[in-house]
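Asks: Below you will find the structure I want to go over with you.
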Amino acid sequence: MNKHCISYPPMARILAFLLLFLLLSACSKKEPDNLPPTVTVLPATDISRISATLHGVVTSNGGAITRIQFRYGQTSELEQTAHVAPTPGSVSTVIDGLQHGTVYYFRLEAGDDVSLISSPILDFTTERRTDTGSVWVSTPGTLEQLFTTSEAYDCDTLLLSGKLNGNDLRFLRRMLGRDNDGLPTPGHVSVLDMTDVQIISGGESYDGMRYAQADTIGKGLFASCQQLKELTLPASTVVIESDAFKDCTSLKALHLPGNINSVEPSTGCLALTCIDIPGNNKVYLSKNGILFNQDMKTLVWFPPAVTDDYQIPESVTTIGPYAFSDSQCLHISMHGQIKHIAPFAFANAQIENMVIPDMVENLERGVFQGCTQLTSLTLGTETLYLSDYVFEGCPLTELHIKSADFVPHCQPDTFGGAETLFSTCTLFVPKGCIKQYRSANLWSRFEKMVEE
């Protein structure tokens with residue numbers, strides 16, 4: 001009997017080979033080394049009116065993690081993103097600038113630069129504003145939306161932050177007790193901190209006449225806000241215009257920012273005792289609550305409620321406009337190096353007497369206007385010009401002129417509003433000069449003239 005090898009047809013051999021390959025592949029199959037991350041979002045915590053903390057857990061499952069982020073927003077579109085460090089494990093972040101009493105949706109996402117795995121969406125609701133404290137204005141023009149009427153008028157202390165335009169300033173004035181027509185409101189904010197506020201242009205007029213300007217405390221912005229006692233201005237402020245605080249009769253402390261480069265005083269701040277400014281300001285400095293320019297050559301603003309007798313520092317050569325306006329100080333002494341006294345420098349001050357330094361050549365417009373206690377004034381030896389309304393409302397009984405070389409020139413309205421002085425005040429002139437004054441315009445109208 002012959003033995004023969006079994007021979008398979010070629011196609012059968014191919015099929016047998018493929019079957020063997022598939023069996024061997026199935027037996028050696030492994031799980032993939034890199035699975036997608038597991039992303040778990042947790043409920044938000046530390047929820048306030050303007051912020052919240054978001055939490056979650058990311059498990060890498062062996063894959064590369066290059067991005068981890070929270071998406072959030074007021075709709076399920078989740079318009080905003082908060083990135084966190086791409087490190088697997090527990091993750092969290094604080095989001096702020098939120099609106100009070102508002103529902104926010106959020107989720108956690110993690111992955112690489114190609115794809116992200118997302119968690120389910122959760123939500124939280126920010127607290128409504130129920131007490132005084134920090135209020136963030138996330139969108140200019142929306143300050144009013146953050147308060148109910150009762151909340152706005154029940155507020156006593158207010159810490160503001162965010163960008164404010166004219167609409168916001170208009171509403172702020174209402175919270176401070178004045179509407180845009182200057183009429184009283186029930187608002188009674190007495191302490192206002194605006195350190196983190198930035199005033200921007202735009203919006204409606206804040207007082208019916210004037211409009212917000214960037215980084216500027218505009219004229220009349222706080223006018224007649226008579227409940228206000230302490231005010232801290234925005235750190236970004238660079239300009240304070242005249243009468244920005246006009247008739248803030250209860251304002252005691254005014255805190256200026258370090259960036260300010262232009263300050264004009266306000267009238268009617270009868271309770272003001274302190275004006276301070278950071279020591280790093282390059283234009284101004286405050287000494288004992290009194291505002292000077294940086295080299296102390298110009299006295300800019302003397303708080304009106306300071307009542308102690310005051311000796312102007314030797315470094316000062318200029319008294320600025322309205323610097324002593326409304327001052328309740330009875331006696332202010334000026335040294336001989338002062339050269340210039342600006343218009344209205346002592347307007348409505350309560351000084352009783354004054355000696356003008358010899359180097360002062362001009363008495364500017366309205367310099368003693370409304371000084372209802374001023375009974376004695378002595379002009380310096382170099383005083384040669386008197387502007388309009390210098391003595392309006394002054395009850396002078398003595399006016400002394402020291403210069404024997406010339407008769408000071410008067411404007412037509414130098415004695416405007418003070419015409420009674422011609423009959424009630426004695427004019428003292430240098431010895432031997434009475435004839436010149438008897439023939440000089442305006443001076444000749446004094447009925448009582450004496451040489452000394």
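Just remember, in the structure tokens the first chain shown is A, the second B, etc., residues are 1-based per chain, and ligands are 1-based in the order shown.
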Would you list the contacts of range 421-428 of chain A as a PyMOL selection string, taking every protein, DNA or RNA residue within 6 Å and counting only C-alpha atoms, but skipping same-chain residues closer than 6 positions in sequence?
Replies: chain A and resi 396-400+445-451
Asks: Which residue gives the smallest distance to Gly177 in chain A among A:Ser51, A:Gln226, A:Thr249, A:Thr81, with only C-alpha atoms counted?
Replies: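 Closest residue, counting only C-alpha atoms: A:Gln226.
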Asks: Got a sec to tell me which of range 80-222 of chain A DSSP assigns to strand (DSSP E or B), as a PyMOL selection string?
Replies: chain A and resi 80-84+89-95+103-111+116-118+122-125+133-137+157-164+178+184+191-199+216-217
Asks: Hey, which of A:Ser224, A:Gln213, A:Asn280, A:Thr59 ends up closest to Ile240 in chain A? Count only C-alpha atoms.
Replies: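 Closest residue, counting only C-alpha atoms: A:Gln213.
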Asks: Can you tell me which residues surround Ser48 in chain A at a distance of at most 10 Å, considering only C-alpha atoms, apart from same-chain residues fewer than 4 positions away, and format the answer as a list in words?
Replies: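 Listing them by chain and then by number gives Ala52, Thr53, Asp96, Leu98, Gln99, His100, Gly101, Thr125, Thr126, Glu127, Arg128 and Arg129 of chain A.
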Asks: Could you save those same residues with all heavy atoms as a tab-separated table (two decimals), in the first residue's frame?
Replies:
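Dumped everything to result_25.tsv:
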```tsv
chain	number	residue	atom	x	y	z
A	52	ALA	N	-18.67	83.27	42.78
A	52	ALA	CA	-18.93	81.89	43.19
A	52	ALA	C	-17.67	81.07	42.93
A	52	ALA	O	-16.81	81.46	42.12
A	52	ALA	CB	-20.11	81.29	42.43
A	53	THR	N	-17.55	79.92	43.63
A	53	THR	CA	-16.43	79.01	43.42
A	53	THR	C	-16.94	77.74	42.76
A	53	THR	O	-17.88	77.11	43.25
A	53	THR	CB	-15.75	78.66	44.75
A	53	THR	OG1	-15.30	79.86	45.39
A	53	THR	CG2	-14.55	77.76	44.51
A	96	ASP	N	-15.94	85.87	39.17
A	96	ASP	CA	-16.55	87.06	39.75
A	96	ASP	C	-17.12	87.95	38.66
A	96	ASP	O	-17.18	87.57	37.50
A	96	ASP	CB	-15.55	87.82	40.63
A	96	ASP	CG	-14.29	88.21	39.87
A	96	ASP	OD1	-14.31	88.17	38.63
A	96	ASP	OD2	-13.28	88.53	40.52
A	98	LEU	N	-20.21	88.75	38.61
A	98	LEU	CA	-21.54	88.22	38.32
A	98	LEU	C	-22.62	89.21	38.72
A	98	LEU	O	-22.37	90.14	39.49
A	98	LEU	CB	-21.74	86.90	39.08
A	98	LEU	CG	-20.64	85.84	38.91
A	98	LEU	CD1	-20.97	84.60	39.72
A	98	LEU	CD2	-20.45	85.49	37.45
A	99	GLN	N	-23.82	89.01	38.23
A	99	GLN	CA	-24.95	89.85	38.58
A	99	GLN	C	-25.75	89.19	39.70
A	99	GLN	O	-25.91	87.98	39.73
A	99	GLN	CB	-25.85	90.08	37.36
A	99	GLN	CG	-25.17	90.84	36.24
A	99	GLN	CD	-26.12	91.14	35.09
A	99	GLN	OE1	-27.33	91.08	35.24
A	99	GLN	NE2	-25.57	91.46	33.93
A	100	HIS	N	-26.22	90.04	40.62
A	100	HIS	CA	-26.92	89.48	41.77
A	100	HIS	C	-28.29	88.92	41.37
A	100	HIS	O	-28.90	89.34	40.39
A	100	HIS	CB	-27.08	90.55	42.87
A	100	HIS	CG	-28.17	91.53	42.60
A	100	HIS	ND1	-29.23	91.71	43.44
A	100	HIS	CD2	-28.39	92.38	41.57
A	100	HIS	CE1	-30.04	92.64	42.96
A	100	HIS	NE2	-29.54	93.06	41.84
A	101	GLY	N	-28.75	87.89	42.12
A	101	GLY	CA	-30.05	87.31	41.87
A	101	GLY	C	-30.22	86.70	40.50
A	101	GLY	O	-31.31	86.72	39.94
A	125	THR	N	-27.56	80.03	41.63
A	125	THR	CA	-28.15	81.37	41.59
A	125	THR	C	-27.41	82.28	42.55
A	125	THR	O	-27.25	81.93	43.74
A	125	THR	CB	-29.64	81.33	41.97
A	125	THR	OG1	-30.33	80.43	41.08
A	125	THR	CG2	-30.26	82.72	41.88
A	126	THR	N	-26.94	83.43	42.06
A	126	THR	CA	-26.25	84.38	42.93
A	126	THR	C	-27.24	85.01	43.92
A	126	THR	O	-28.44	85.08	43.65
A	126	THR	CB	-25.58	85.49	42.11
A	126	THR	OG1	-26.55	86.06	41.23
A	126	THR	CG2	-24.43	84.96	41.29
A	127	GLU	N	-26.71	85.42	45.06
A	127	GLU	CA	-27.56	86.02	46.07
A	127	GLU	C	-28.06	87.38	45.61
A	127	GLU	O	-27.39	88.10	44.87
A	127	GLU	CB	-26.77	86.21	47.37
A	127	GLU	CG	-26.37	84.91	48.04
A	127	GLU	CD	-25.60	85.16	49.32
A	127	GLU	OE1	-25.22	86.32	49.57
A	127	GLU	OE2	-25.39	84.20	50.07
A	128	ARG	N	-29.24	87.74	46.08
A	128	ARG	CA	-29.73	89.09	45.84
A	128	ARG	C	-29.09	90.03	46.84
A	128	ARG	O	-28.68	89.63	47.93
A	128	ARG	CB	-31.27	89.15	46.00
A	128	ARG	CG	-32.02	88.51	44.85
A	128	ARG	CD	-33.48	88.94	44.87
A	128	ARG	NE	-33.64	90.38	44.78
A	128	ARG	CZ	-33.57	91.06	43.64
A	128	ARG	NH1	-33.35	90.45	42.51
A	128	ARG	NH2	-33.75	92.37	43.64
A	129	ARG	N	-28.97	91.30	46.46
A	129	ARG	CA	-28.41	92.30	47.36
A	129	ARG	C	-29.41	92.61	48.46
A	129	ARG	O	-30.48	93.14	48.22
A	129	ARG	CB	-28.11	93.59	46.59
A	129	ARG	CG	-26.95	94.38	47.14
A	129	ARG	CD	-27.06	95.84	46.74
A	129	ARG	NE	-28.15	96.47	47.47
A	129	ARG	CZ	-28.05	96.91	48.71
A	129	ARG	NH1	-26.93	96.77	49.37
A	129	ARG	NH2	-29.07	97.46	49.31
```
Asks: Tyr72 in chain A: which residues within 10 Å, counting only C-alpha atoms, same-chain residues fewer than 4 positions away excluded, as a list in words?
Replies: Leu54, Ser76, Glu77, Leu78, Glu79, Gln80, Thr81, Ala82, Ile95, Tyr104, Tyr105, Phe106, Arg107, Leu108, Ile121, Leu122 and Asp123 of chain A
Asks: Residues of range 223-439 of chain A in alpha helix (DSSP H) according to DSSP, as a PyMOL selection string?
Replies: chain A and resi 421-424+434-438
Asks: Please provide the set of residues having any atom within 7 Å of Asp388 in chain A, restricted to only C-alpha atoms, with same-chain residues fewer than 4 positions apart removed, written as a short mmCIF file (atom, residue, chain, number, x, y, z; two decimals) with N, CA, C and O atoms, in the first residue's frame.
Replies:
```cif
data_model
loop_
_atom_site.label_atom_id
_atom_site.label_comp_id
_atom_site.auth_asym_id
_atom_site.auth_seq_id
_atom_site.Cartn_x
_atom_site.Cartn_y
_atom_site.Cartn_z
N ARG A 365 -9.69 139.27 41.85
CA ARG A 365 -11.15 139.35 41.88
C ARG A 365 -11.72 138.54 43.06
O ARG A 365 -11.40 137.37 43.26
N GLY A 366 -12.59 139.19 43.82
CA GLY A 366 -13.34 138.54 44.87
C GLY A 366 -12.52 137.92 45.97
O GLY A 366 -13.00 137.03 46.68
N GLN A 411 -10.22 148.91 40.06
CA GLN A 411 -11.17 148.67 38.98
C GLN A 411 -12.50 149.34 39.34
O GLN A 411 -12.77 149.62 40.52
N ASP A 413 -15.36 148.16 39.78
CA ASP A 413 -16.15 147.41 40.74
C ASP A 413 -15.32 146.86 41.89
O ASP A 413 -15.71 145.87 42.54
N THR A 414 -14.19 147.48 42.17
CA THR A 414 -13.39 147.03 43.31
C THR A 414 -14.23 147.02 44.58
O THR A 414 -14.16 146.09 45.39
N GLY A 416 -17.52 146.99 44.51
CA GLY A 416 -18.85 146.51 44.15
C GLY A 416 -19.43 145.63 45.25
O GLY A 416 -18.76 144.71 45.73
#
```
Asks: With only C-alpha atoms as the atoms that count, which of A:Asn362, A:Glu392, A:Leu183, A:Ser333 lies nearest to Asn348 in chain A?
Replies: A:Glu392
Asks: In Å, rounded to a single decimal, give me how far CA of Leu146 in chain A is from CA of Ser201 in chain A.
Replies: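 Spanning CA of Ser201 in chain A to CA of Leu146 in chain A is a straight-line distance of 20.6 Å.
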Asks: Please list as a list of chain:residue names every residue within 7 Å of Leu299 in chain A, counting only C-alpha atoms and excluding residues in the same chain fewer than 6 positions away.
Replies: A:Leu291, A:Phe292, A:Asn293, A:Val316, A:Thr318, A:Ile319, A:Gly320, A:Ala323
Asks: For the selection you just gave me, I'd like the residues written to a file as a PDB file, in the first residue's frame, keeping N, CA and C atoms.
Replies:
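Result file result.pdb:
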```
ATOM      1  N   LEU A 291      -4.070 120.484  51.884  1.00  0.00           N
ATOM      2  CA  LEU A 291      -3.523 120.091  50.590  1.00  0.00           C
ATOM      3  C   LEU A 291      -2.616 121.177  50.016  1.00  0.00           C
ATOM      4  N   PHE A 292      -1.385 120.763  49.677  1.00  0.00           N
ATOM      5  CA  PHE A 292      -0.399 121.626  49.024  1.00  0.00           C
ATOM      6  C   PHE A 292       0.036 120.973  47.721  1.00  0.00           C
ATOM      7  N   ASN A 293       0.729 121.765  46.881  1.00  0.00           N
ATOM      8  CA  ASN A 293       1.407 121.100  45.779  1.00  0.00           C
ATOM      9  C   ASN A 293       2.653 120.425  46.341  1.00  0.00           C
ATOM     10  N   VAL A 316       5.523 128.448  51.359  1.00  0.00           N
ATOM     11  CA  VAL A 316       4.412 128.835  50.479  1.00  0.00           C
ATOM     12  C   VAL A 316       4.646 130.227  49.893  1.00  0.00           C
ATOM     13  N   THR A 318       2.367 131.037  47.066  1.00  0.00           N
ATOM     14  CA  THR A 318       1.107 131.281  46.366  1.00  0.00           C
ATOM     15  C   THR A 318      -0.062 130.696  47.156  1.00  0.00           C
ATOM     16  N   ILE A 319      -1.121 131.481  47.286  1.00  0.00           N
ATOM     17  CA  ILE A 319      -2.384 130.998  47.843  1.00  0.00           C
ATOM     18  C   ILE A 319      -3.307 130.749  46.660  1.00  0.00           C
ATOM     19  N   GLY A 320      -3.728 129.507  46.466  1.00  0.00           N
ATOM     20  CA  GLY A 320      -4.496 129.141  45.289  1.00  0.00           C
ATOM     21  C   GLY A 320      -5.927 129.650  45.303  1.00  0.00           C
ATOM     22  N   ALA A 323      -8.636 128.722  48.044  1.00  0.00           N
ATOM     23  CA  ALA A 323      -7.892 127.884  48.989  1.00  0.00           C
ATOM     24  C   ALA A 323      -8.457 127.963  50.398  1.00  0.00           C
TER      25      ALA A 323
END
```
Asks: What gap, in Å, lies between CA of Pro265 in chain A and CA of Tyr322 in chain A?
Replies: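 Here the two named atoms are 6.3 Å from each other.
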Asks: For the atom pair CA of Pro395 in chain A and CA of Trp443 in chain A, what is the interatomic distance in Å to one decimal place?
Replies: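 Distance reported for this atom pair: 16.9 Å.
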Asks: Determine, counting only C-alpha atoms, which protein, DNA and RNA residues have an atom within 10 Å of an atom of Thr317 in chain A; residues of the same chain fewer than 2 positions away are not included. Present the result as a ChimeraX atom specification.
Replies: /A:296-299,312-315,319-320,334-341,359-360
